[in-house]
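Novice: Sharing start_20.txt, compact mmCIF, C-alpha atoms:
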# COMPACT_ATOMS: atom_id res chain seq x y z
CA MET A 23 -1.05 -45.01 13.55
CA ARG A 24 1.80 -42.51 13.80
CA HIS A 25 1.08 -39.78 16.26
CA ASP A 26 3.46 -37.06 15.14
CA GLU A 27 3.18 -33.47 14.01
CA ALA A 28 4.23 -34.20 10.41
CA THR A 29 1.29 -36.60 9.98
CA LEU A 30 -1.08 -34.20 11.64
CA VAL A 31 0.07 -31.31 9.44
CA ALA A 32 -0.24 -33.41 6.29
CA PHE A 33 -3.72 -34.43 7.43
CA LEU A 34 -4.73 -30.79 7.92
CA ASP A 35 -3.14 -29.88 4.59
CA GLY A 36 -5.09 -32.61 2.83
CA THR A 37 -1.93 -34.18 1.48
CA LEU A 38 -1.98 -37.36 3.53
CA PRO A 39 -2.56 -40.36 1.23
CA PRO A 40 -6.22 -41.58 1.34
CA GLU A 41 -5.50 -44.71 3.28
CA GLU A 42 -3.55 -42.85 5.95
CA THR A 43 -6.27 -40.21 6.08
CA HIS A 44 -8.83 -42.87 7.02
CA GLU A 45 -6.47 -44.23 9.63
CA PHE A 46 -5.86 -40.76 11.03
CA ASP A 47 -9.60 -40.07 11.16
CA ALA A 48 -10.02 -43.17 13.26
CA HIS A 49 -7.03 -42.21 15.39
CA LEU A 50 -8.46 -38.77 16.09
CA LEU A 51 -11.57 -40.27 17.66
CA GLY A 52 -9.50 -41.79 20.41
CA CYS A 53 -6.55 -39.39 20.76
CA GLU A 54 -7.31 -36.37 22.90
CA SER A 55 -4.00 -34.59 22.17
CA CYS A 56 -4.29 -34.91 18.37
CA TRP A 57 -7.92 -33.81 18.50
CA ALA A 58 -6.94 -30.78 20.60
CA ALA A 59 -4.22 -29.92 18.09
CA VAL A 60 -6.71 -30.02 15.21
CA ARG A 61 -9.18 -27.90 17.17
CA GLU A 62 -6.56 -25.32 18.08
CA ASP A 63 -5.31 -25.13 14.50
CA ARG A 64 -8.81 -24.39 13.27
CA ALA A 65 -9.52 -21.94 16.10
CA GLY A 66 -6.34 -20.04 15.30
CA ARG A 67 -7.14 -19.97 11.60
CA ASP A 68 -10.69 -18.75 12.28
CA ALA A 69 -9.45 -16.03 14.65
CA LEU A 70 -7.18 -14.70 11.91
CA GLU A 71 -10.22 -14.12 9.71
CA SER A 72 -10.78 -10.88 11.61
CA LEU A 73 -7.47 -9.55 10.28
CA ARG A 74 -8.32 -10.23 6.66
CA GLU A 75 -8.97 -6.56 5.96
CA VAL A 76 -9.45 -5.05 2.55
CA ALA A 77 -7.21 -2.23 1.41
CA PRO A 78 -8.77 1.19 2.09
CA PRO A 79 -10.23 3.00 -0.95
CA GLU A 80 -7.72 5.87 -0.61
CA LEU A 81 -4.88 3.37 -0.98
CA ARG A 82 -6.56 1.82 -4.02
CA GLU A 83 -6.46 5.29 -5.56
CA ARG A 84 -3.05 6.29 -4.31
CA VAL A 85 -1.13 3.22 -5.53
CA PRO A 86 -1.97 3.60 -9.25
CA LEU A 87 -1.22 7.32 -8.98
CA ALA A 88 2.20 6.60 -7.49
CA VAL A 89 2.91 3.99 -10.16
CA ARG A 90 1.81 6.33 -12.93
CA ALA A 91 3.98 9.09 -11.51
CA ALA A 92 6.92 6.68 -11.39
CA SER A 93 6.18 5.56 -14.93
CA HIS A 94 6.02 9.10 -16.16
CA ALA A 95 9.16 10.10 -14.29
CA ALA A 96 10.98 7.09 -15.71
CA GLY A 97 10.27 8.16 -19.26
CA GLY A 98 7.05 6.31 -19.97
CA ASN A 99 6.89 4.22 -23.09
CA ARG A 100 10.42 4.91 -24.08
CA ILE A 101 11.49 2.76 -21.18
CA PHE A 102 8.85 0.05 -20.95
CA GLY A 103 7.16 0.14 -24.33
CA GLU A 104 7.16 -2.91 -26.50
CA PRO A 105 10.03 -1.93 -28.83
CA THR A 106 12.52 -1.56 -26.00
CA ARG A 107 10.97 -3.94 -23.50
CA ARG A 108 13.69 -6.57 -23.79
CA HIS A 109 16.31 -4.02 -22.92
CA GLY A 110 14.10 -2.29 -20.39
CA THR A 111 16.04 -3.12 -17.26
CA ARG A 112 19.27 -1.69 -18.47
CA THR A 113 17.68 1.44 -19.86
CA LEU A 114 15.61 1.89 -16.73
CA ALA A 115 18.67 1.59 -14.51
CA GLY A 116 20.20 4.53 -16.30
CA VAL A 117 17.11 6.64 -15.84
CA LEU A 118 16.71 5.59 -12.22
CA ALA A 119 20.24 6.70 -11.55
CA GLY A 120 18.93 10.26 -11.64
CA MET A 121 15.78 9.55 -9.72
CA VAL A 122 14.76 8.16 -6.36
CA VAL A 123 11.25 6.89 -5.88
CA ALA A 124 10.31 5.92 -2.37
CA ALA A 125 7.65 6.46 0.26
CA THR A 126 8.38 7.91 3.64
CA ALA A 127 6.97 7.07 7.01
CA THR A 128 4.80 10.17 6.86
CA GLY A 129 2.77 8.95 3.93
CA ALA A 130 4.71 10.90 1.41
CA LEU A 131 5.26 10.02 -2.16
CA VAL A 132 8.85 10.98 -2.60
CA PHE A 133 10.33 11.50 -5.94
CA ASN A 134 13.50 13.36 -6.43
CA ARG A 135 14.25 13.42 -10.06
CA ARG A 136 16.12 15.27 -12.66
CA ALA A 137 13.81 17.89 -14.08
CA SER A 138 13.21 17.03 -17.70
CA SER A 139 11.74 20.42 -18.54
CA ALA A 140 13.10 23.89 -18.01
CA ASP A 141 10.81 24.25 -14.99
CA PRO A 142 12.22 24.18 -11.48
CA ALA A 143 11.78 20.65 -10.07
CA PRO A 144 8.87 21.37 -7.65
CA VAL A 145 6.89 23.14 -10.37
CA ALA A 146 7.69 20.43 -12.94
CA ALA A 147 6.55 17.70 -10.54
CA VAL A 148 3.23 19.38 -9.72
CA VAL A 149 2.54 20.05 -13.42
CA GLU A 150 3.36 16.45 -14.23
CA LEU A 151 0.97 15.13 -11.59
CA ALA A 152 -1.75 17.53 -12.71
CA ARG A 153 -1.33 16.23 -16.24
CA LEU A 154 -1.53 12.63 -15.01
CA GLN A 155 -4.62 13.18 -12.91
CA SER A 156 -6.39 15.11 -15.62
CA SER A 157 -6.55 11.89 -17.62
CA THR A 158 -8.75 10.46 -14.84
CA PRO A 159 -12.26 11.90 -15.00
CA PRO A 160 -13.48 13.41 -11.73
CA GLU A 161 -15.77 11.10 -9.78
CA GLU A 162 -18.25 13.76 -8.75
CA PRO A 163 -18.73 16.14 -11.68
CA ASN A 164 -21.04 18.36 -9.70
CA GLY A 165 -19.41 21.60 -10.61
CA ALA A 166 -18.83 22.47 -6.98
CA ARG A 167 -16.87 25.66 -6.75
CA GLY A 168 -13.66 25.24 -4.87
CA ALA A 169 -14.86 22.08 -3.16
CA ALA A 170 -12.06 19.70 -2.25
CA VAL A 171 -12.49 16.33 -3.91
CA ARG A 172 -9.84 14.46 -1.94
CA PRO A 173 -6.41 14.92 -0.47
CA GLY A 174 -3.60 13.56 -2.58
CA PRO A 175 -0.12 12.40 -1.73
CA THR A 176 2.67 14.49 -0.32
CA LEU A 177 5.74 15.06 -2.45
CA GLU A 178 9.19 15.51 -1.09
CA LEU A 179 11.44 17.21 -3.57
CA GLY A 180 14.87 17.51 -2.10
CA ASP A 181 14.14 19.23 1.19
CA GLN A 182 10.94 20.87 -0.02
CA LYS A 183 7.67 19.32 1.07
CA VAL A 184 4.60 19.70 -1.08
CA TRP A 185 1.09 18.73 0.01
CA LEU A 186 -1.39 18.02 -2.75
CA ALA A 187 -5.16 18.20 -2.91
CA ARG A 188 -7.47 17.67 -5.84
CA HIS A 189 -10.25 20.21 -6.11
CA LEU A 190 -13.24 20.19 -8.38
CA VAL A 191 -13.94 23.64 -9.78
CA ASP A 192 -16.46 24.44 -12.51
CA GLY A 193 -16.50 20.71 -13.27
CA ARG A 194 -12.73 20.64 -13.83
CA GLU A 195 -10.05 19.21 -11.59
CA VAL A 196 -7.52 21.60 -10.18
CA LEU A 197 -4.43 20.34 -8.41
CA VAL A 198 -3.63 22.54 -5.45
CA ALA A 199 -0.12 22.17 -4.08
CA THR A 200 0.88 23.88 -0.86
CA SER A 201 4.42 23.92 0.38
CA ASP A 202 6.60 24.83 3.30
CA ARG A 203 8.66 27.05 1.03
CA ALA A 204 8.26 29.12 -2.13
CA PHE A 205 7.75 27.52 -5.53
CA PRO A 206 10.57 28.86 -7.70
CA MET A 207 9.22 31.01 -10.54
CA PRO A 208 9.83 29.60 -14.03
CA ALA A 209 11.66 31.88 -16.45
CA ASP A 210 8.60 32.42 -18.66
CA ALA A 211 6.13 33.15 -15.84
CA HIS A 212 4.30 36.47 -15.57
CA PRO A 213 4.46 38.05 -12.12
CA LEU A 214 1.31 39.93 -11.07
CA GLY A 215 3.23 42.68 -9.34
CA ARG A 216 6.68 44.07 -8.90
CA GLU A 217 7.10 43.31 -5.25
CA ARG A 218 8.96 40.25 -4.05
CA GLY A 219 6.63 37.30 -3.50
CA ALA A 220 3.94 38.61 -5.88
CA PRO A 221 1.70 35.92 -7.41
CA TRP A 222 2.75 34.65 -10.83
CA LEU A 223 1.01 32.96 -13.73
CA ALA A 224 2.22 30.60 -16.44
CA LYS A 225 0.86 28.30 -19.16
CA ARG A 226 1.91 24.73 -19.83
CA GLY A 227 0.16 23.35 -22.89
CA ASP A 228 -3.56 23.79 -22.23
CA MET A 229 -3.05 24.03 -18.49
CA SER A 230 -2.71 27.20 -16.46
CA LEU A 231 -0.54 27.70 -13.41
CA ALA A 232 -1.13 30.27 -10.68
CA CYS A 233 1.24 30.60 -7.77
CA PHE A 234 0.96 32.51 -4.50
CA SER A 235 3.53 33.16 -1.82
CA ARG A 236 1.28 34.85 0.71
CA PRO A 237 -0.23 33.97 3.04
CA ALA A 238 0.92 30.47 2.07
CA HIS A 239 3.05 29.02 -0.69
CA MET A 240 0.44 27.61 -3.03
CA LEU A 241 0.55 26.48 -6.65
CA LEU A 242 -2.65 25.75 -8.58
CA VAL A 243 -2.59 23.84 -11.85
CA GLY A 244 -5.61 23.01 -13.98
CA HIS A 245 -7.47 23.24 -17.25
CA LEU A 246 -9.03 26.62 -16.42
CA PRO A 247 -8.15 30.18 -17.36
CA ALA A 248 -5.33 31.54 -15.22
CA GLU A 249 -7.60 34.31 -13.88
CA ARG A 250 -10.02 31.69 -12.57
CA LEU A 251 -7.16 29.95 -10.79
CA VAL A 252 -6.21 33.25 -9.19
CA GLU A 253 -9.78 33.67 -7.89
CA ILE A 254 -9.77 30.15 -6.51
CA GLY A 255 -6.36 30.64 -4.95
CA ARG A 256 -7.59 33.76 -3.17
CA GLN A 257 -10.67 31.87 -1.93
CA LEU A 258 -8.56 29.03 -0.64
CA SER A 259 -5.92 31.19 1.01
CA PRO A 260 -6.27 31.39 4.76
CA THR A 261 -6.85 34.99 5.79
CA MET B 15 -2.92 3.14 -29.85
CA GLU B 16 -0.57 4.32 -27.13
CA THR B 17 0.53 1.60 -24.74
CA HIS B 18 0.84 2.76 -21.15
CA PRO B 19 3.80 1.08 -19.50
CA HIS B 20 2.02 1.03 -16.17
CA GLY B 21 -1.21 -0.45 -17.60
CA GLU B 22 0.06 -3.98 -17.93
CA PHE B 23 1.75 -3.76 -14.55
CA LEU B 24 -1.36 -2.51 -12.75
CA GLU B 25 -3.52 -5.10 -14.43
CA ALA B 26 -1.24 -7.86 -13.19
CA THR B 27 -0.72 -6.53 -9.69
CA LEU B 28 -3.72 -4.50 -8.50
CA PRO B 29 -5.87 -7.63 -7.96
CA HIS B 30 -3.40 -8.49 -5.17
CA LEU B 31 -3.64 -5.15 -3.39
CA ASP B 32 -5.69 -6.56 -0.49
CA ALA B 33 -3.22 -9.41 0.04
CA VAL B 34 -0.24 -7.07 -0.01
CA PHE B 35 -2.03 -4.68 2.35
CA ARG B 36 -2.75 -7.48 4.85
CA VAL B 37 0.87 -8.53 4.83
CA ALA B 38 2.07 -4.92 5.06
CA ARG B 39 -0.34 -4.28 7.92
CA ARG B 40 1.44 -6.93 9.99
CA MET B 41 4.92 -5.76 9.02
CA ALA B 42 4.31 -2.07 9.74
CA ARG B 43 3.90 -0.28 13.01
CA ASP B 44 0.49 1.18 12.19
CA ARG B 45 -2.05 1.57 9.43
CA ASP B 46 -0.47 4.67 7.90
CA ASP B 47 2.92 3.01 7.79
CA ALA B 48 1.31 -0.05 6.19
CA GLU B 49 -0.20 2.10 3.45
CA ASP B 50 3.18 3.69 2.78
CA LEU B 51 4.74 0.24 2.68
CA VAL B 52 2.19 -0.94 0.11
CA GLN B 53 2.81 2.12 -2.05
CA GLU B 54 6.55 1.66 -1.85
CA THR B 55 6.13 -2.02 -2.69
CA TYR B 56 4.16 -1.21 -5.83
CA VAL B 57 6.51 1.52 -6.98
CA ARG B 58 9.52 -0.76 -6.54
CA ALA B 59 7.72 -3.66 -8.16
CA PHE B 60 6.93 -1.44 -11.12
CA GLY B 61 10.63 -0.67 -11.51
CA ALA B 62 11.40 -4.38 -11.41
CA PHE B 63 8.49 -5.42 -13.64
CA PRO B 64 10.60 -5.89 -16.80
CA SER B 65 12.49 -8.64 -14.98
CA PHE B 66 9.34 -10.32 -13.60
CA ARG B 67 9.32 -13.75 -15.18
CA GLY B 68 5.67 -14.58 -14.62
CA GLY B 69 4.39 -17.02 -12.04
CA SER B 70 2.56 -15.82 -8.98
CA ALA B 71 2.38 -12.02 -9.05
CA ARG B 72 1.04 -12.17 -5.50
CA ALA B 73 4.08 -14.05 -4.18
CA TRP B 74 6.38 -11.71 -6.11
CA LEU B 75 4.74 -8.61 -4.62
CA VAL B 76 4.80 -10.10 -1.13
CA THR B 77 8.52 -10.85 -1.50
CA ILE B 78 9.15 -7.22 -2.44
CA CYS B 79 6.95 -6.04 0.42
CA LEU B 80 8.95 -8.11 2.93
CA ASN B 81 12.23 -6.83 1.52
CA VAL B 82 11.08 -3.23 1.68
CA ALA B 83 9.77 -3.72 5.23
CA ARG B 84 13.10 -5.15 6.30
CA SER B 85 15.26 -2.66 4.47
CA GLU B 86 17.67 -0.70 6.59
CA GLY B 87 16.36 2.69 5.68
CA ARG B 88 12.84 1.73 6.50
CA ARG B 89 13.77 0.03 9.76
CA ALA B 90 15.55 3.16 10.86
CA ARG B 91 12.37 5.15 10.42
CA ARG B 92 10.24 2.72 12.37
CA ARG B 93 9.47 2.95 16.02
CA PRO B 94 10.14 -0.12 18.16
CA HIS B 95 7.97 -2.98 17.01
CA GLU B 96 5.98 -3.54 20.17
CA VAL B 97 3.45 -0.79 19.73
CA PRO B 98 0.21 -2.12 21.17
CA GLU B 99 -2.68 -2.26 18.78
CA THR B 100 -5.61 -0.52 20.34
CA ALA B 101 -9.24 -1.21 19.77
CA ALA B 102 -10.94 1.65 18.04
CA ALA B 103 -14.68 1.60 17.56
CA ALA B 104 -15.98 3.05 14.35
CA SER B 105 -19.05 5.20 14.41
CA ALA B 106 -22.13 3.07 14.11
CA ALA B 107 -25.82 3.70 13.62
CA SER B 108 -27.59 2.05 16.56
CA PRO B 109 -26.61 0.97 20.10
CA ASP B 110 -26.59 -2.67 18.95
CA ASP B 111 -24.29 -1.77 16.10
CA VAL B 112 -22.06 0.12 18.49
CA TYR B 113 -21.87 -2.90 20.78
CA GLU B 114 -21.07 -5.27 17.92
CA THR B 115 -18.54 -2.87 16.46
CA VAL B 116 -16.79 -2.49 19.79
CA VAL B 117 -16.71 -6.23 20.44
CA ALA B 118 -15.37 -6.94 16.94
CA SER B 119 -12.80 -4.21 17.33
CA VAL B 120 -11.64 -5.50 20.73
CA GLU B 121 -11.37 -9.02 19.33
CA ARG B 122 -9.48 -7.86 16.28
CA ALA B 123 -7.04 -5.94 18.45
CA ALA B 124 -6.55 -9.00 20.64
CA VAL B 125 -5.86 -11.19 17.60
CA ALA B 126 -3.38 -8.64 16.26
CA ARG B 127 -1.58 -8.49 19.61
CA ALA B 128 -1.46 -12.27 19.87
CA LEU B 129 -0.12 -12.53 16.33
CA ALA B 130 2.61 -10.01 17.15
CA ARG B 131 3.66 -12.23 20.07
CA LEU B 132 4.28 -15.33 17.97
CA PRO B 133 7.88 -16.35 17.30
CA GLU B 134 9.01 -14.53 14.16
CA GLU B 135 9.28 -17.62 11.95
CA GLN B 136 5.76 -18.74 12.87
CA ARG B 137 4.34 -15.26 12.58
CA ILE B 138 5.68 -14.66 9.09
CA CYS B 139 4.37 -18.03 7.85
CA VAL B 140 0.93 -17.36 9.33
CA VAL B 141 0.89 -13.86 7.81
CA LEU B 142 1.84 -15.11 4.35
CA VAL B 143 -0.53 -18.07 4.26
CA ASP B 144 -3.53 -17.05 6.38
CA LEU B 145 -3.55 -13.33 5.67
CA GLY B 146 -1.66 -12.97 2.39
CA GLY B 147 -3.44 -15.98 0.91
CA LEU B 148 -0.24 -17.52 -0.42
CA THR B 149 -0.15 -21.27 -0.91
CA ALA B 150 2.33 -23.15 1.27
CA LYS B 151 4.47 -23.65 -1.83
CA GLU B 152 4.45 -19.92 -2.64
CA ALA B 153 5.29 -19.03 0.96
CA ALA B 154 8.09 -21.60 0.90
CA ASP B 155 9.50 -19.97 -2.26
CA VAL B 156 9.25 -16.51 -0.72
CA LEU B 157 11.02 -17.62 2.46
CA GLY B 158 13.44 -20.03 0.82
CA CYS B 159 12.50 -23.00 2.98
CA PRO B 160 10.76 -26.35 2.36
CA ARG B 161 6.99 -26.42 1.97
CA GLY B 162 6.69 -28.82 4.90
CA THR B 163 8.47 -26.32 7.12
CA VAL B 164 5.95 -23.64 6.21
CA LEU B 165 3.04 -25.98 6.98
CA ALA B 166 4.52 -26.91 10.35
CA ARG B 167 5.16 -23.27 11.27
CA VAL B 168 1.67 -22.22 10.24
CA HIS B 169 0.22 -25.05 12.33
CA ARG B 170 2.29 -24.14 15.40
CA GLY B 171 1.54 -20.46 14.93
CA ARG B 172 -2.21 -21.01 14.74
CA ARG B 173 -2.18 -23.22 17.82
CA ARG B 174 -0.13 -20.79 19.82
CA LEU B 175 -2.35 -17.93 18.69
CA ALA B 176 -5.46 -19.83 19.78
CA GLY B 177 -3.80 -20.48 23.15
CA LEU B 178 -2.89 -16.84 23.66
CA LEU B 179 -6.42 -15.74 22.80
CA GLU B 180 -7.96 -18.29 25.12
CA ARG B 181 -5.85 -16.89 27.93
CA GLU B 182 -7.32 -13.47 27.13
CA GLY B 183 -10.79 -14.97 27.32
CA ILE B 184 -11.34 -14.85 23.56
CA ARG B 185 -12.28 -18.19 22.23
CA HIS B 186 -12.86 -19.13 18.63
CA GLU B 187 -14.68 -22.44 18.55
CA ALA B 188 -13.55 -24.54 15.64
Take the structure I supplied and represent it as structure tokens, if you would.
Specialist:
Amino acid sequence: MRHDEATLVAFLDGTLPPEETHEFDAHLLGCESCWAAVREDRAGRDALESLREVAPPELRERVPLAVRAASHAAGGNRIFGEPTRRHGTRTLAGVLAGMVVAATATGALVFNRRASSADPAPVAAVVELARLQSSTPPEEPNGARGAAVRPGPTLELGDQKVWLARHLVDGREVLVATSDRAFPMPADAHPLGRERGAPWLAKRGDMSLACFSRPAHMLLVGHLPAERLVEIGRQLSPT
Amino acid sequence: METHPHGEFLEATLPHLDAVFRVARRMARDRDDAEDLVQETYVRAFGAFPSFRGGSARAWLVTICLNVARSEGRRARRRPHEVPETAAAASAASPDDVYETVVASVERAAVARALARLPEEQRICVVLVDLGGLTAKEAADVLGCPRGTVLARVHRGRRRLAGLLEREGIRHEA
């Protein structure tokens, strides 16, 4: 009986021909070094069981969100839909030329992309994500007022960082984005005062936007009346 | 009915999230970095989905994960690899649970440290096959080497791992 690693590995793999397997079985009974090798192989494999973790639930939520955001940013069906699927790669390359999708070491979902709407990029991105998440029904429709449902990803738009959190308010989801700098005001927004940094409101389809600059830069987007978003924003603002 | 471009992709790839996470966990410096790596893997895979020719979606995702993990930009952001994995006990209900949780956590940390000490070629084969659940053939395709080479490296890696653990007083009886 051959007493080499290749035979031993084939034996462990179950790919040794039947006759040789019988021979190797017999060989193992009398060969201390081969028996030790088999034992160590199995011990190592069993030890690795402890590292067979499952992905955390937050990641299971975050990955589809990131993919959906990438899909939306890349132009959705126009890129991947059946009619253009065969030419998808080429078309996609053109769209990706204006967009970078990557994650950073700080857990951020980064997407720098050409704004497709007239909105400034940070506002457009938050509205887009709010629209995407509104298609997912809230998990706990308990109507909690201003209660945070879960933290979302962080966006990096150029050099602006935006932290997202999903809140459940009056049974509706509201995306609350806070940032290290001001959200630029869209041209059609209504400022709630004349002073610099006054809150502003806007509508995008059936969603309302409310933005604050003090005491923190905060943009709220959701399917609620703008006035309700203002109330929530004031409740959430650190005093 | 509207077809969501990401629907088909997620259907094909989300069942492999655990496998990709386990691989990412061993390629990244910590858990947070691993989660970022998984997300980046999926976003890149989505971009490349039109050119995916079928076959093992798991092996395809793992290949992308390894490429992302090794990419220059990512490497530059990483701390040095040898960051010791520490044992962290989760909160548990009773003293017995606490004891078991702590023991399991210490053992898991020891296994992770031992795995990190394997020679790179053995480590990657063990990660792909024993943690990522790839077949030897799939791992061989991912790494571009013969199947027999993968089997031999997995075997040597497991043996060395068992030896390292035994030296730490952690023994897994086969």
Novice: Quick check, in Å to one decimal: how far apart do atom CA of Leu148 of chain B and atom CA of Phe60 of chain B lie?
Specialist: 20.6 Å
Novice: Residues of chain B were defined as contacting chain A if any atom lay at most 6 Å from it, counting only C-alpha atoms; please report them as number ranges by chain.
Specialist: B: 19, 32, 35, 47, 50, 53-54, 57, 122, 145, 169, 172-173, 175-176, 186-188
Novice: B:Arg181, B:Ala38, B:Phe23, B:Pro160: which is nearest Phe66 of chain B, counting all atoms listed in the file?
Specialist: B:Phe23
Novice: Can you tell me, as a JSON list (two decimals) with C-alpha atoms, in the frame of the given file, what residues are no more than 9 Å from Ile184 of chain B when counting all atoms listed in the file, ignoring any on the same chain fewer than 3 positions away?
Specialist:
[["chain", "number", "residue", "atom", "x", "y", "z"],
["B", 121, "GLU", "CA", -11.37, -9.02, 19.33],
["B", 124, "ALA", "CA", -6.55, -9.00, 20.64],
["B", 125, "VAL", "CA", -5.86, -11.19, 17.60],
["B", 176, "ALA", "CA", -5.46, -19.83, 19.78],
["B", 178, "LEU", "CA", -2.89, -16.84, 23.66],
["B", 179, "LEU", "CA", -6.42, -15.74, 22.80],
["B", 180, "GLU", "CA", -7.96, -18.29, 25.12],
["B", 181, "ARG", "CA", -5.85, -16.89, 27.93]]
Novice: Excluding Val168 of chain B and its own-chain neighbours fewer than 5 positions away, which residues fall within 6 Å of it when counting only C-alpha atoms? Please give them as a PDB file with C-alpha atoms, in the frame of the given file.
Specialist:
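Result file around.pdb:
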ATOM      1  CA  GLN B 136       5.760 -18.740  12.870  1.00  0.00           C
ATOM      2  CA  CYS B 139       4.370 -18.030   7.850  1.00  0.00           C
ATOM      3  CA  VAL B 140       0.930 -17.360   9.330  1.00  0.00           C
TER       4      VAL B 140
END
Novice: Measuring between all atoms listed in the file, which one of B:Ala59, B:Ala166, B:Ala73, B:Ala128 shows the shortest distance to His20 of chain B?
Specialist: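 Comparing B:Ala59, B:Ala166, B:Ala73, B:Ala128 against His20 of chain B, the winner is B:Ala59.
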Novice: For Met229 of chain A, which residue out of A:Glu42, A:Met207, A:Arg188, A:Val149 is the nearest one, using all atoms listed in the file?
Specialist: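 Of the candidates, the smallest distance to Met229 of chain A is held by A:Val149.
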Novice: Just the number, please: distance in Å from atom CA of Glu253 of chain A to atom CA of Val196 of chain A, one decimal.
Specialist: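 Separating atom CA of Glu253 of chain A from atom CA of Val196 of chain A is a distance of 12.5 Å.
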Novice: At a cut-off of 10 Å from (9.4, -5.6, 5.1) in the coordinates of the file, what residues are picked up using only C-alpha atoms, written as a ChimeraX atom specification?
Specialist: /B:37-38,40-42,48,51-52,55,76-86,88-89
Novice: Could you tell me, as a ChimeraX atom specification, which residues have any atom at most 6 Å from (-3.3, 29.5, -15.7), counting only C-alpha atoms?
Specialist: /A:223-225,230-232,247-248
Novice: Go ahead and dump the residues you just picked, C-alpha atoms, as a JSON list (two decimals), in the coordinates of the input.
Specialist:
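Everything below was put into again26.json:
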[["chain", "number", "residue", "atom", "x", "y", "z"],
["A", 223, "LEU", "CA", 1.01, 32.96, -13.73],
["A", 224, "ALA", "CA", 2.22, 30.60, -16.44],
["A", 225, "LYS", "CA", 0.86, 28.30, -19.16],
["A", 230, "SER", "CA", -2.71, 27.20, -16.46],
["A", 231, "LEU", "CA", -0.54, 27.70, -13.41],
["A", 232, "ALA", "CA", -1.13, 30.27, -10.68],
["A", 247, "PRO", "CA", -8.15, 30.18, -17.36],
["A", 248, "ALA", "CA", -5.33, 31.54, -15.22]]
Novice: Would you please work out which residue, of B:Val120, B:Gly21, B:Leu75, B:Pro29, is nearest to Glu182 of chain B when using all atoms listed in the file?
Specialist: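 Of the candidates, the smallest distance to Glu182 of chain B is held by B:Val120.
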